[in-house]
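Below is one structure, written out as structure tokens, with a few remarks after it.
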Amino acid sequence: MRRILRLLRLEIWRQIIGWSGAWWFLITLIIGQAVAPLLGLFVWLHVPGAQARLGSYYLAVICVASMTASFENHTFALSIYSGTVAAALLRPQPPVIGPLGENLAIRFWMFLLGIPMVALVGLSVDATFSPLPVLAALPALALAAALRFLFVWTLAMAAFWTERVHAVVAFGGVLIGLLGGSAAPNALLPDPLRAIAQALPFRSMLGFPAELAAGTVTPAGTAAGYAISVGWTAALGCCAVGAWRLGIRRYTTVGA
Amino acid sequence: MTYRVPVRDAGLIAAVRAVVQRRYRDVHAVRNLTFQIAPGQVVGFLGRNGAGKTTTMKILAGILHPTSGRVRVLGQIPWRRQNQYLREIALIRGSQPIGDAPELTVLDSFRYQQVLYDIAEPHFKRNLAELSALLDLDRVLQRQVRALSLGERMRAGLALALVYRPKILFLDEPTIGLDVSAAKTVRTFIGEYAAQTGATVLLTSHSMTDVESLCPRLILVDDGAIAFDGRRNELSSAFAPTKLVRVSVTDDNPDLTPYGDVLRRDENHWLLRVDRDAVPEATSRILSRFAVADLSVEEPSLEDVIDQAYHRLRQVKDAG
């Protein structure tokens with residue numbers, strides 16, 4: 001385990017250096033992650049009777065989106081298309097280290113470069129946060145990061161079968177946007193869509209940590225939300241392992 | 001190793017039909033390929049484009065899982081890619097000598113290899129110093145990978161692959177695209193590394209200079225099967241039915257055309273191509289009939305032999 005953590009740390013370090021030259025591209029990624037929540041914010045701010053803490057909620061959504069964004073359709077899928085995944089297969093380390101390290105490195109840069117934008121939005125909407133709800137949201141944020149990585153990585157493994165992986169991942173992104181809490185906070189969705197959205201993993205990837213940070217979730221809702229997050233993390237983890245085994249079997253027998 | 005590839009007829013209608021009715025064809029990339037390589041051997045693995053060389057190399061390295069057959073390298077099944085196996089092999093491709101992360105410096109990449117392959121600091125320092133000296137890397141260690149020339153990239157890629165002292169090297173076109181000087185450096189280094197460490201080397205290359213200077217044993221593959229497996233000098237007798245006879249005579253207007261095909265004539269210096277079996281009689285008659293100043297019998301160049309082998313194999317395939 002110590003070796004794996006050491007390898008992961010090394011991979012993150014390697015990828016942080018690797019991505020250091022692409023700051024302009026990273027800024028476009030940050031803006032891309034913020035556009036949908038900002039639209040949701042502007043729309044809902046003008047709806048009479050909407051929640052009072054919408055500004056704080058959407059600012060938290062922007063933070064969660066920036067810190068959990070996954071781009072394996074650009075990174076991992078590209079390694080399959082370019083053939084560099086073959087070299088990665090011959091490294092004596094677990095295969096997840098490479099994609100996970102790159103994922104975390106990109107998030108590091110997005111977090112760092114996104115601070116000015118978050119500050120600007122926060123001042124504009126007069127957002128406020130209390131320490132306790134923010135602390136309660138941190139484990140949910142970690143689960144959201146794991147969930148979104150597992151979800152996008154699994155979808156990106158479609159690259160083992162098709163060259164149209166961006167369409168597959170874009171569809172997943174639409175689901176996260178619509179049902180995850182970006183288009184509308186979960187509490188404002190009509191029934192039965194709200195109940196469905198609560199049961200699916202997308203709220204856990206985006207809206208749930210933001211709701212916790214904004215302090216808009218009841219204790220019972222917090223417990224239920226964490227149970228759903230943990231359950232989906234385990235399920236998507238199994239999906240990722242299964243997709244990897246099937247994909248790598250295809251790659252190593254067909255040459256992809 | 002058989003690939004199943006989709007096929008369809010040309011045209012729009014066929015393209016639409018292929019959406020609902022897919023057809024496939026089996027492509028046999030490698031078949032009936034049987035060979036053994038003893039530890040420490042340096043073997044040239046030759047064949048035309050598409051003959052199955054790279055597929056075989058990928059199977060042996062562990063990237064591809066063959067559809068049938070049995071493969072053991074260092075007693076292990078390569079495609080299980082167990083850490084113990086991966087630590088003892090290196091696959092170096094001339095087209096991609098260094099993997100990803102071009103922003104890293106070469107020294108950063110070495111440090112990464114050190115952690116990845118658990119190389120103790122004293123061994124790492126010693127290996128790095130040796131490789132830097134042999135491959136003249138001192139000036140590139142602090143530079144980013146993306147800023148290296150192709151030759152520097154290949155030298156750095158070789159060093160990175162060898163810093164953990166693998167027992168087996170799979171070299172796929174290691175000198176492709178390199179200038180004469182860089183190619184020579186790489187070639188010399190590979191030979192020295194194999195001699196010093198006793199590493200086993202399997203080399204594919206279209207450069208006959210690489211093959212001649214490094215590989216005493218050659219395996220020639222054609223259409224996914226072995227066409228020749230033996231010592232380099234045996235290849236000529238297997239595929240080149242002729243030898244070259246170089247003669248210098250002092251006679252006036254000598255005529256050597258009856259003794260072989262004249263490839264070149266420069267005043268009294270002749271270069272003849274003579275059937276292998278007819279060489280003793282032809283040289284004997286030339287010596288007895290002309291005032292010979294010099295005579296030598298040569299094997300054709302490896303390039304010519306390989307070229308003849310490819311043609312012969314193509315003729316056999318077309319006929320059968």
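Going through the structure tokens in order, the chains are called A, B, and so on, while each chain numbers its residues from 1 and the ligands are numbered from 1 in the order shown.
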
Chain A residues near chain B within 10 Å, closest pair each, using only C-alpha atoms, as JSON lines:
{"residue": "A:Arg3", "atom": "CA", "partner": "B:Val115", "partner_atom": "CA", "distance": 8.9}
{"residue": "A:Ile4", "atom": "CA", "partner": "B:Leu116", "partner_atom": "CA", "distance": 9.9}
{"residue": "A:Arg6", "atom": "CA", "partner": "B:Val115", "partner_atom": "CA", "distance": 8.2}
{"residue": "A:Leu7", "atom": "CA", "partner": "B:Leu116", "partner_atom": "CA", "distance": 6.9}
{"residue": "A:Leu10", "atom": "CA", "partner": "B:Tyr112", "partner_atom": "CA", "distance": 7.1}
{"residue": "A:Glu11", "atom": "CA", "partner": "B:Tyr112", "partner_atom": "CA", "distance": 8.3}
{"residue": "A:Trp13", "atom": "CA", "partner": "B:Tyr112", "partner_atom": "CA", "distance": 9.8}
{"residue": "A:Arg14", "atom": "CA", "partner": "B:Ala101", "partner_atom": "CA", "distance": 7.1}
{"residue": "A:Gln15", "atom": "CA", "partner": "B:Ala101", "partner_atom": "CA", "distance": 6.9}
{"residue": "A:Ile16", "atom": "CA", "partner": "B:Glu103", "partner_atom": "CA", "distance": 9.6}
{"residue": "A:Ile17", "atom": "CA", "partner": "B:Glu103", "partner_atom": "CA", "distance": 6.4}
{"residue": "A:Gly18", "atom": "CA", "partner": "B:Glu103", "partner_atom": "CA", "distance": 4.8}
{"residue": "A:Trp19", "atom": "CA", "partner": "B:Glu103", "partner_atom": "CA", "distance": 7.7}
{"residue": "A:Ser20", "atom": "CA", "partner": "B:Glu103", "partner_atom": "CA", "distance": 7.9}
{"residue": "A:Gly21", "atom": "CA", "partner": "B:Glu103", "partner_atom": "CA", "distance": 7.4}
{"residue": "A:Ser79", "atom": "CA", "partner": "B:Asp100", "partner_atom": "CA", "distance": 9.2}
{"residue": "A:Gly83", "atom": "CA", "partner": "B:Gln96", "partner_atom": "CA", "distance": 9.9}
{"residue": "A:Thr84", "atom": "CA", "partner": "B:Gly99", "partner_atom": "CA", "distance": 6.9}
{"residue": "A:Val85", "atom": "CA", "partner": "B:Gly99", "partner_atom": "CA", "distance": 9.5}
{"residue": "A:Ala86", "atom": "CA", "partner": "B:Ile63", "partner_atom": "CA", "distance": 6.2}
{"residue": "A:Ala87", "atom": "CA", "partner": "B:Gly99", "partner_atom": "CA", "distance": 6.9}
{"residue": "A:Ala88", "atom": "CA", "partner": "B:Gly99", "partner_atom": "CA", "distance": 8.4}
{"residue": "A:Leu89", "atom": "CA", "partner": "B:Ile63", "partner_atom": "CA", "distance": 6.9}
{"residue": "A:Leu90", "atom": "CA", "partner": "B:Leu86", "partner_atom": "CA", "distance": 6.0}
{"residue": "A:Arg91", "atom": "CA", "partner": "B:Leu86", "partner_atom": "CA", "distance": 6.6}
{"residue": "A:Pro92", "atom": "CA", "partner": "B:Asn83", "partner_atom": "CA", "distance": 4.7}
{"residue": "A:Gln93", "atom": "CA", "partner": "B:Asn83", "partner_atom": "CA", "distance": 7.1}
{"residue": "A:Pro94", "atom": "CA", "partner": "B:Asn83", "partner_atom": "CA", "distance": 9.3}
{"residue": "A:Ile248", "atom": "CA", "partner": "B:Leu64", "partner_atom": "CA", "distance": 9.5}
{"residue": "A:Arg249", "atom": "CA", "partner": "B:His65", "partner_atom": "CA", "distance": 7.8}
{"residue": "A:Arg250", "atom": "CA", "partner": "B:His65", "partner_atom": "CA", "distance": 9.1}
{"residue": "A:Tyr251", "atom": "CA", "partner": "B:Leu64", "partner_atom": "CA", "distance": 7.6}
{"residue": "A:Thr252", "atom": "CA", "partner": "B:Leu64", "partner_atom": "CA", "distance": 4.1}
{"residue": "A:Thr253", "atom": "CA", "partner": "B:His65", "partner_atom": "CA", "distance": 5.1}
{"residue": "A:Val254", "atom": "CA", "partner": "B:Tyr3", "partner_atom": "CA", "distance": 5.6}
{"residue": "A:Gly255", "atom": "CA", "partner": "B:Leu64", "partner_atom": "CA", "distance": 6.9}
{"residue": "A:Ala256", "atom": "CA", "partner": "B:Tyr3", "partner_atom": "CA", "distance": 9.9}

Report as an MDAnalysis selection string all protein, DNA and RNA residues lying within 10 Å of Ala195 in chain B, evaluated on only C-alpha atoms, omitting residues in the same chain fewer than 4 positions from it. chainID B and resid 40:42 189:191 199:200

Can you list, as a CSV table (one decimal) with all heavy atoms, in the first residue's frame, all residues belonging to range 104-274 of chain B that DSSP tags as strand (DSSP E or B)?
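Generated file (result_37.csv):
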chain,number,residue,atom,x,y,z
B,105,THR,N,11.9,17.0,-17.3
B,105,THR,CA,13.3,16.9,-17.8
B,105,THR,C,13.7,15.5,-17.8
B,105,THR,O,13.0,14.6,-17.3
B,105,THR,CB,14.2,17.7,-16.8
B,105,THR,OG1,14.3,17.0,-15.6
B,105,THR,CG2,13.8,19.1,-16.6
B,144,GLN,N,14.1,19.5,-21.0
B,144,GLN,CA,12.8,18.9,-21.1
B,144,GLN,C,12.7,17.9,-22.2
B,144,GLN,O,13.4,18.2,-23.3
B,144,GLN,CB,11.7,20.0,-21.3
B,144,GLN,CG,11.4,20.8,-20.0
B,144,GLN,CD,10.4,21.8,-20.3
B,144,GLN,OE1,10.6,22.7,-21.1
B,144,GLN,NE2,9.2,21.8,-19.6
B,168,ILE,N,15.9,-8.7,-20.6
B,168,ILE,CA,15.5,-8.9,-22.0
B,168,ILE,C,15.1,-7.5,-22.7
B,168,ILE,O,14.3,-6.7,-22.1
B,168,ILE,CB,14.2,-9.8,-22.1
B,168,ILE,CG1,14.6,-11.2,-21.6
B,168,ILE,CG2,13.8,-9.9,-23.6
B,168,ILE,CD1,13.5,-12.2,-21.8
B,169,LEU,N,15.7,-7.3,-23.8
B,169,LEU,CA,15.3,-6.1,-24.6
B,169,LEU,C,14.6,-6.4,-25.8
B,169,LEU,O,15.0,-7.3,-26.6
B,169,LEU,CB,16.6,-5.3,-25.0
B,169,LEU,CG,17.6,-4.9,-24.0
B,169,LEU,CD1,18.7,-4.0,-24.6
B,169,LEU,CD2,16.9,-4.1,-22.9
B,170,PHE,N,13.4,-5.9,-26.0
B,170,PHE,CA,12.7,-6.0,-27.3
B,170,PHE,C,12.9,-4.6,-28.0
B,170,PHE,O,12.4,-3.6,-27.5
B,170,PHE,CB,11.2,-6.2,-27.0
B,170,PHE,CG,10.9,-7.5,-26.3
B,170,PHE,CD1,10.5,-7.5,-25.0
B,170,PHE,CD2,11.1,-8.7,-26.9
B,170,PHE,CE1,10.2,-8.7,-24.3
B,170,PHE,CE2,10.9,-9.9,-26.2
B,170,PHE,CZ,10.4,-9.9,-24.9
B,171,LEU,N,13.6,-4.6,-29.0
B,171,LEU,CA,14.0,-3.4,-29.7
B,171,LEU,C,13.2,-3.4,-31.1
B,171,LEU,O,13.5,-4.2,-32.0
B,171,LEU,CB,15.5,-3.3,-30.0
B,171,LEU,CG,16.3,-3.3,-28.7
B,171,LEU,CD1,17.8,-3.4,-29.1
B,171,LEU,CD2,16.1,-2.1,-27.9
B,172,ASP,N,12.3,-2.4,-31.2
B,172,ASP,CA,11.5,-2.3,-32.4
B,172,ASP,C,12.0,-1.1,-33.2
B,172,ASP,O,11.7,0.0,-32.8
B,172,ASP,CB,10.0,-2.2,-32.1
B,172,ASP,CG,9.1,-2.3,-33.3
B,172,ASP,OD1,9.6,-2.6,-34.4
B,172,ASP,OD2,7.9,-2.1,-33.1
B,200,THR,N,19.4,-10.6,-23.1
B,200,THR,CA,18.9,-11.2,-24.4
B,200,THR,C,18.3,-10.1,-25.2
B,200,THR,O,17.5,-9.2,-24.6
B,200,THR,CB,17.8,-12.3,-24.0
B,200,THR,OG1,18.4,-13.2,-23.1
B,200,THR,CG2,17.4,-13.0,-25.3
B,201,VAL,N,18.5,-10.1,-26.5
B,201,VAL,CA,18.0,-9.0,-27.3
B,201,VAL,C,17.3,-9.5,-28.5
B,201,VAL,O,17.8,-10.4,-29.2
B,201,VAL,CB,19.2,-8.0,-27.8
B,201,VAL,CG1,18.6,-6.9,-28.7
B,201,VAL,CG2,19.9,-7.5,-26.6
B,202,LEU,N,16.1,-9.0,-28.7
B,202,LEU,CA,15.3,-9.4,-29.9
B,202,LEU,C,15.1,-8.1,-30.7
B,202,LEU,O,14.5,-7.1,-30.2
B,202,LEU,CB,14.0,-10.0,-29.6
B,202,LEU,CG,13.2,-10.5,-30.8
B,202,LEU,CD1,13.9,-11.7,-31.5
B,202,LEU,CD2,11.8,-11.0,-30.3
B,203,LEU,N,15.7,-8.0,-31.9
B,203,LEU,CA,15.7,-6.7,-32.6
B,203,LEU,C,15.0,-6.8,-33.9
B,203,LEU,O,15.2,-7.7,-34.7
B,203,LEU,CB,17.2,-6.4,-32.9
B,203,LEU,CG,17.4,-5.3,-33.9
B,203,LEU,CD1,17.4,-3.9,-33.2
B,203,LEU,CD2,18.8,-5.4,-34.6
B,204,THR,N,14.0,-5.9,-34.1
B,204,THR,CA,13.5,-5.8,-35.5
B,204,THR,C,14.0,-4.5,-36.1
B,204,THR,O,14.1,-3.5,-35.4
B,204,THR,CB,11.9,-5.7,-35.5
B,204,THR,OG1,11.5,-4.4,-35.0
B,204,THR,CG2,11.3,-6.8,-34.7
B,217,ARG,N,22.4,-14.3,-35.1
B,217,ARG,CA,21.3,-15.2,-35.4
B,217,ARG,C,20.1,-14.3,-36.0
B,217,ARG,O,19.8,-13.3,-35.5
B,217,ARG,CB,20.8,-15.9,-34.2
B,217,ARG,CG,19.6,-16.9,-34.5
B,217,ARG,CD,19.1,-17.5,-33.2
B,217,ARG,NE,17.8,-18.1,-33.4
B,217,ARG,CZ,17.1,-18.6,-32.4
B,217,ARG,NH1,17.5,-18.5,-31.2
B,217,ARG,NH2,15.9,-19.1,-32.6
B,218,LEU,N,19.5,-14.9,-37.1
B,218,LEU,CA,18.4,-14.2,-37.7
B,218,LEU,C,17.2,-15.1,-37.8
B,218,LEU,O,17.3,-16.3,-38.0
B,218,LEU,CB,18.8,-13.8,-39.1
B,218,LEU,CG,20.0,-12.8,-39.3
B,218,LEU,CD1,20.1,-12.5,-40.8
B,218,LEU,CD2,19.7,-11.5,-38.5
B,219,ILE,N,16.1,-14.5,-37.5
B,219,ILE,CA,14.8,-15.1,-37.7
B,219,ILE,C,14.0,-14.3,-38.8
B,219,ILE,O,13.8,-13.1,-38.5
B,219,ILE,CB,13.9,-15.3,-36.4
B,219,ILE,CG1,14.7,-16.1,-35.4
B,219,ILE,CG2,12.6,-15.8,-36.7
B,219,ILE,CD1,14.0,-16.2,-34.1
B,220,LEU,N,13.7,-14.9,-39.9
B,220,LEU,CA,13.0,-14.2,-40.9
B,220,LEU,C,11.5,-14.7,-40.9
B,220,LEU,O,11.3,-15.9,-41.0
B,220,LEU,CB,13.7,-14.6,-42.3
B,220,LEU,CG,13.2,-13.8,-43.5
B,220,LEU,CD1,13.6,-12.3,-43.4
B,220,LEU,CD2,13.9,-14.4,-44.7
B,221,VAL,N,10.6,-13.7,-40.7
B,221,VAL,CA,9.2,-14.1,-40.8
B,221,VAL,C,8.6,-13.6,-42.0
B,221,VAL,O,8.9,-12.5,-42.5
B,221,VAL,CB,8.4,-13.6,-39.5
B,221,VAL,CG1,8.8,-14.3,-38.3
B,221,VAL,CG2,8.6,-12.1,-39.3
B,222,ASP,N,7.6,-14.3,-42.5
B,222,ASP,CA,6.9,-13.9,-43.7
B,222,ASP,C,5.5,-14.4,-43.5
B,222,ASP,O,5.2,-15.5,-43.2
B,222,ASP,CB,7.5,-14.5,-45.0
B,222,ASP,CG,6.8,-14.0,-46.2
B,222,ASP,OD1,6.9,-12.8,-46.4
B,222,ASP,OD2,6.2,-14.7,-46.9
B,225,ALA,N,4.6,-16.4,-40.4
B,225,ALA,CA,5.3,-17.7,-40.1
B,225,ALA,C,6.8,-17.6,-40.3
B,225,ALA,O,7.2,-16.7,-41.0
B,225,ALA,CB,4.7,-18.8,-41.0
B,226,ILE,N,7.5,-18.5,-39.7
B,226,ILE,CA,9.0,-18.4,-39.9
B,226,ILE,C,9.4,-18.9,-41.2
B,226,ILE,O,9.1,-20.0,-41.6
B,226,ILE,CB,9.7,-19.2,-38.7
B,226,ILE,CG1,9.5,-18.4,-37.4
B,226,ILE,CG2,11.1,-19.4,-39.0
B,226,ILE,CD1,10.2,-19.0,-36.2
B,227,ALA,N,10.2,-18.1,-41.9
B,227,ALA,CA,10.7,-18.6,-43.2
B,227,ALA,C,12.2,-19.0,-43.1
B,227,ALA,O,12.7,-19.8,-43.9
B,227,ALA,CB,10.6,-17.4,-44.2
B,228,PHE,N,12.9,-18.5,-42.1
B,228,PHE,CA,14.3,-18.9,-41.9
B,228,PHE,C,14.6,-18.6,-40.4
B,228,PHE,O,14.2,-17.6,-39.8
B,228,PHE,CB,15.2,-18.0,-42.8
B,228,PHE,CG,16.7,-18.2,-42.5
B,228,PHE,CD1,17.4,-19.3,-43.0
B,228,PHE,CD2,17.4,-17.4,-41.6
B,228,PHE,CE1,18.7,-19.5,-42.7
B,228,PHE,CE2,18.7,-17.5,-41.3
B,228,PHE,CZ,19.4,-18.6,-41.8
B,229,ASP,N,15.4,-19.5,-39.8
B,229,ASP,CA,15.9,-19.3,-38.5
B,229,ASP,C,17.3,-20.0,-38.4
B,229,ASP,O,17.4,-21.2,-38.5
B,229,ASP,CB,14.9,-20.0,-37.4
B,229,ASP,CG,15.4,-19.8,-36.0
B,229,ASP,OD1,16.5,-19.2,-35.8
B,229,ASP,OD2,14.7,-20.2,-35.1
B,230,GLY,N,18.3,-19.1,-38.3
B,230,GLY,CA,19.6,-19.7,-38.3
B,230,GLY,C,20.7,-18.6,-38.2
B,230,GLY,O,20.4,-17.5,-38.0
B,231,ARG,N,21.9,-19.0,-38.4
B,231,ARG,CA,23.0,-18.1,-38.3
B,231,ARG,C,23.0,-17.1,-39.5
B,231,ARG,O,22.5,-17.5,-40.6
B,231,ARG,CB,24.4,-18.8,-38.2
B,231,ARG,CG,24.5,-19.7,-37.0
B,231,ARG,CD,25.9,-20.1,-36.8
B,231,ARG,NE,26.8,-19.0,-36.5
B,231,ARG,CZ,26.9,-18.4,-35.3
B,231,ARG,NH1,26.1,-18.7,-34.3
B,231,ARG,NH2,27.7,-17.4,-35.2
B,242,THR,N,23.5,-17.3,-55.6
B,242,THR,CA,24.7,-16.9,-56.3
B,242,THR,C,25.7,-16.3,-55.3
B,242,THR,O,25.4,-16.0,-54.1
B,242,THR,CB,24.4,-15.8,-57.3
B,242,THR,OG1,23.7,-14.7,-56.6
B,242,THR,CG2,23.4,-16.3,-58.4
B,243,LYS,N,27.0,-16.2,-55.8
B,243,LYS,CA,28.0,-15.5,-55.0
B,243,LYS,C,28.6,-14.4,-56.0
B,243,LYS,O,28.4,-14.5,-57.2
B,243,LYS,CB,29.1,-16.4,-54.6
B,243,LYS,CG,28.7,-17.3,-53.4
B,243,LYS,CD,30.0,-18.1,-52.9
B,243,LYS,CE,29.6,-18.8,-51.6
B,243,LYS,NZ,30.8,-19.5,-51.1
B,244,LEU,N,29.4,-13.5,-55.4
B,244,LEU,CA,30.0,-12.5,-56.2
B,244,LEU,C,31.5,-12.9,-56.4
B,244,LEU,O,32.2,-13.2,-55.4
B,244,LEU,CB,29.9,-11.2,-55.5
B,244,LEU,CG,28.5,-10.6,-55.3
B,244,LEU,CD1,28.5,-9.3,-54.5
B,244,LEU,CD2,27.7,-10.5,-56.6
B,245,VAL,N,32.0,-12.9,-57.6
B,245,VAL,CA,33.4,-13.1,-57.9
B,245,VAL,C,34.0,-11.8,-58.4
B,245,VAL,O,33.6,-11.3,-59.4
B,245,VAL,CB,33.5,-14.3,-58.9
B,245,VAL,CG1,35.0,-14.5,-59.2
B,245,VAL,CG2,32.9,-15.6,-58.4
B,246,ARG,N,35.0,-11.4,-57.7
B,246,ARG,CA,35.7,-10.1,-58.1
B,246,ARG,C,37.0,-10.5,-58.6
B,246,ARG,O,37.8,-11.2,-58.0
B,246,ARG,CB,35.8,-9.2,-56.8
B,246,ARG,CG,36.0,-7.8,-57.1
B,246,ARG,CD,36.1,-7.0,-55.8
B,246,ARG,NE,34.8,-7.0,-55.1
B,246,ARG,CZ,33.8,-6.1,-55.3
B,246,ARG,NH1,34.0,-5.2,-56.2
B,246,ARG,NH2,32.7,-6.2,-54.6
B,247,VAL,N,37.3,-10.1,-59.9
B,247,VAL,CA,38.5,-10.5,-60.6
B,247,VAL,C,39.2,-9.3,-61.2
B,247,VAL,O,38.6,-8.5,-61.8
B,247,VAL,CB,38.2,-11.5,-61.8
B,247,VAL,CG1,39.5,-12.1,-62.3
B,247,VAL,CG2,37.3,-12.6,-61.3
B,248,SER,N,40.6,-9.3,-61.0
B,248,SER,CA,41.4,-8.3,-61.7
B,248,SER,C,42.4,-9.1,-62.5
B,248,SER,O,43.1,-9.9,-62.0
B,248,SER,CB,42.2,-7.4,-60.7
B,248,SER,OG,41.2,-6.7,-59.9
B,249,VAL,N,42.4,-8.8,-63.9
B,249,VAL,CA,43.3,-9.5,-64.8
B,249,VAL,C,44.3,-8.5,-65.4
B,249,VAL,O,44.0,-7.3,-65.5
B,249,VAL,CB,42.5,-10.3,-65.8
B,249,VAL,CG1,41.7,-11.4,-65.2
B,249,VAL,CG2,41.6,-9.4,-66.6
B,261,ASP,N,27.3,-13.7,-64.7
B,261,ASP,CA,26.6,-12.5,-65.1
B,261,ASP,C,27.5,-11.3,-64.7
B,261,ASP,O,27.9,-11.2,-63.6
B,261,ASP,CB,25.3,-12.3,-64.4
B,261,ASP,CG,24.3,-13.4,-64.8
B,261,ASP,OD1,24.4,-14.0,-65.9
B,261,ASP,OD2,23.4,-13.8,-64.0
B,262,VAL,N,27.8,-10.5,-65.7
B,262,VAL,CA,28.7,-9.3,-65.4
B,262,VAL,C,27.8,-8.2,-64.7
B,262,VAL,O,26.9,-7.7,-65.3
B,262,VAL,CB,29.3,-8.8,-66.7
B,262,VAL,CG1,30.2,-7.6,-66.4
B,262,VAL,CG2,30.1,-9.9,-67.4
B,263,LEU,N,28.2,-7.9,-63.5
B,263,LEU,CA,27.5,-6.9,-62.8
B,263,LEU,C,28.2,-5.5,-63.0
B,263,LEU,O,27.5,-4.5,-63.0
B,263,LEU,CB,27.4,-7.2,-61.3
B,263,LEU,CG,26.7,-8.4,-60.9
B,263,LEU,CD1,26.7,-8.6,-59.3
B,263,LEU,CD2,25.2,-8.4,-61.3
B,264,ARG,N,29.5,-5.6,-63.1
B,264,ARG,CA,30.2,-4.3,-63.3
B,264,ARG,C,31.6,-4.7,-63.9
B,264,ARG,O,32.2,-5.7,-63.7
B,264,ARG,CB,30.5,-3.7,-61.9
B,264,ARG,CG,30.9,-2.2,-62.1
B,264,ARG,CD,30.8,-1.5,-60.7
B,264,ARG,NE,31.6,-2.0,-59.7
B,264,ARG,CZ,31.2,-2.3,-58.5
B,264,ARG,NH1,29.9,-2.3,-58.2
B,264,ARG,NH2,32.1,-2.8,-57.6
B,265,ARG,N,32.0,-3.7,-64.8
B,265,ARG,CA,33.4,-3.9,-65.4
B,265,ARG,C,34.0,-2.5,-65.4
B,265,ARG,O,33.4,-1.6,-65.9
B,265,ARG,CB,33.3,-4.5,-66.8
B,265,ARG,CG,34.7,-4.7,-67.4
B,265,ARG,CD,34.7,-5.1,-68.8
B,265,ARG,NE,36.1,-5.2,-69.3
B,265,ARG,CZ,36.4,-5.4,-70.5
B,265,ARG,NH1,35.5,-5.6,-71.4
B,265,ARG,NH2,37.7,-5.5,-70.8
B,266,ASP,N,35.2,-2.5,-64.9
B,266,ASP,CA,35.9,-1.2,-64.9
B,266,ASP,C,37.3,-1.5,-65.4
B,266,ASP,O,38.2,-2.0,-64.7
B,266,ASP,CB,36.0,-0.7,-63.5
B,266,ASP,CG,36.8,0.6,-63.4
B,266,ASP,OD1,37.0,1.2,-64.4
B,266,ASP,OD2,37.2,1.0,-62.2
B,269,HIS,N,39.0,-4.8,-64.3
B,269,HIS,CA,38.4,-5.2,-63.0
B,269,HIS,C,37.0,-5.7,-63.3
B,269,HIS,O,36.2,-4.9,-63.8
B,269,HIS,CB,38.4,-4.1,-62.0
B,269,HIS,CG,39.8,-3.6,-61.7
B,269,HIS,ND1,40.8,-4.3,-61.1
B,269,HIS,CD2,40.4,-2.4,-62.1
B,269,HIS,CE1,41.9,-3.6,-61.1
B,269,HIS,NE2,41.7,-2.4,-61.7
B,270,TRP,N,36.6,-6.9,-62.9
B,270,TRP,CA,35.3,-7.5,-63.2
B,270,TRP,C,34.6,-7.9,-61.9
B,270,TRP,O,35.3,-8.3,-61.0
B,270,TRP,CB,35.4,-8.7,-64.1
B,270,TRP,CG,36.0,-8.5,-65.5
B,270,TRP,CD1,37.3,-8.1,-65.8
B,270,TRP,CD2,35.3,-8.6,-66.7
B,270,TRP,NE1,37.4,-8.0,-67.2
B,270,TRP,CE2,36.2,-8.3,-67.8
B,270,TRP,CE3,34.0,-9.0,-67.1
B,270,TRP,CZ2,35.9,-8.4,-69.1
B,270,TRP,CZ3,33.7,-9.1,-68.4
B,270,TRP,CH2,34.6,-8.7,-69.4
B,271,LEU,N,33.3,-7.7,-62.0
B,271,LEU,CA,32.5,-8.2,-60.9
B,271,LEU,C,31.4,-9.1,-61.5
B,271,LEU,O,30.6,-8.6,-62.3
B,271,LEU,CB,31.8,-7.1,-60.1
B,271,LEU,CG,30.9,-7.5,-58.9
B,271,LEU,CD1,31.8,-8.2,-57.8
B,271,LEU,CD2,30.2,-6.3,-58.3
B,272,LEU,N,31.5,-10.4,-61.1
B,272,LEU,CA,30.6,-11.4,-61.7
B,272,LEU,C,29.7,-12.0,-60.7
B,272,LEU,O,30.1,-12.1,-59.5
B,272,LEU,CB,31.4,-12.5,-62.4
B,272,LEU,CG,32.5,-12.2,-63.4
B,272,LEU,CD1,33.3,-13.4,-63.7
B,272,LEU,CD2,31.9,-11.6,-64.6
B,273,ARG,N,28.5,-12.3,-61.1
B,273,ARG,CA,27.6,-13.0,-60.3
B,273,ARG,C,27.5,-14.5,-60.8
B,273,ARG,O,27.2,-14.7,-62.0
B,273,ARG,CB,26.1,-12.4,-60.3
B,273,ARG,CG,25.2,-13.2,-59.3
B,273,ARG,CD,23.9,-12.4,-59.1
B,273,ARG,NE,23.2,-12.1,-60.3
B,273,ARG,CZ,22.4,-11.1,-60.5
B,273,ARG,NH1,22.2,-10.2,-59.6
B,273,ARG,NH2,21.8,-10.9,-61.7
B,274,VAL,N,27.9,-15.4,-59.9
B,274,VAL,CA,28.1,-16.8,-60.4
B,274,VAL,C,27.2,-17.7,-59.5
B,274,VAL,O,27.1,-17.5,-58.2
B,274,VAL,CB,29.6,-17.2,-60.2
B,274,VAL,CG1,29.8,-18.7,-60.7
B,274,VAL,CG2,30.4,-16.3,-61.0

For CA of Asn268 in chain B and CA of Ser284 in chain B, determine how far apart the two atoms are, in Å to one decimal place. 18.2 Å

Residue nearest Arg23 in chain B among B:Asn233, B:Ile37, B:Pro6, B:Val292 (counting only C-alpha atoms): B:Pro6

Restricting the calculation to only C-alpha atoms, which member of B:Val71, B:Leu148, B:Leu131, B:Ala15 is positioned closest to Leu33 in chain B?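 Of all the options, B:Val71 lies closest to Leu33 in chain B.
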
Going by DSSP on the backbone, which bits of range 86-243 of chain B are alpha helix (DSSP H)? Write them as an MDAnalysis selection string, please. chainID B and resid 86 106:116 121:135 150:162 180:197 208:214 232:239
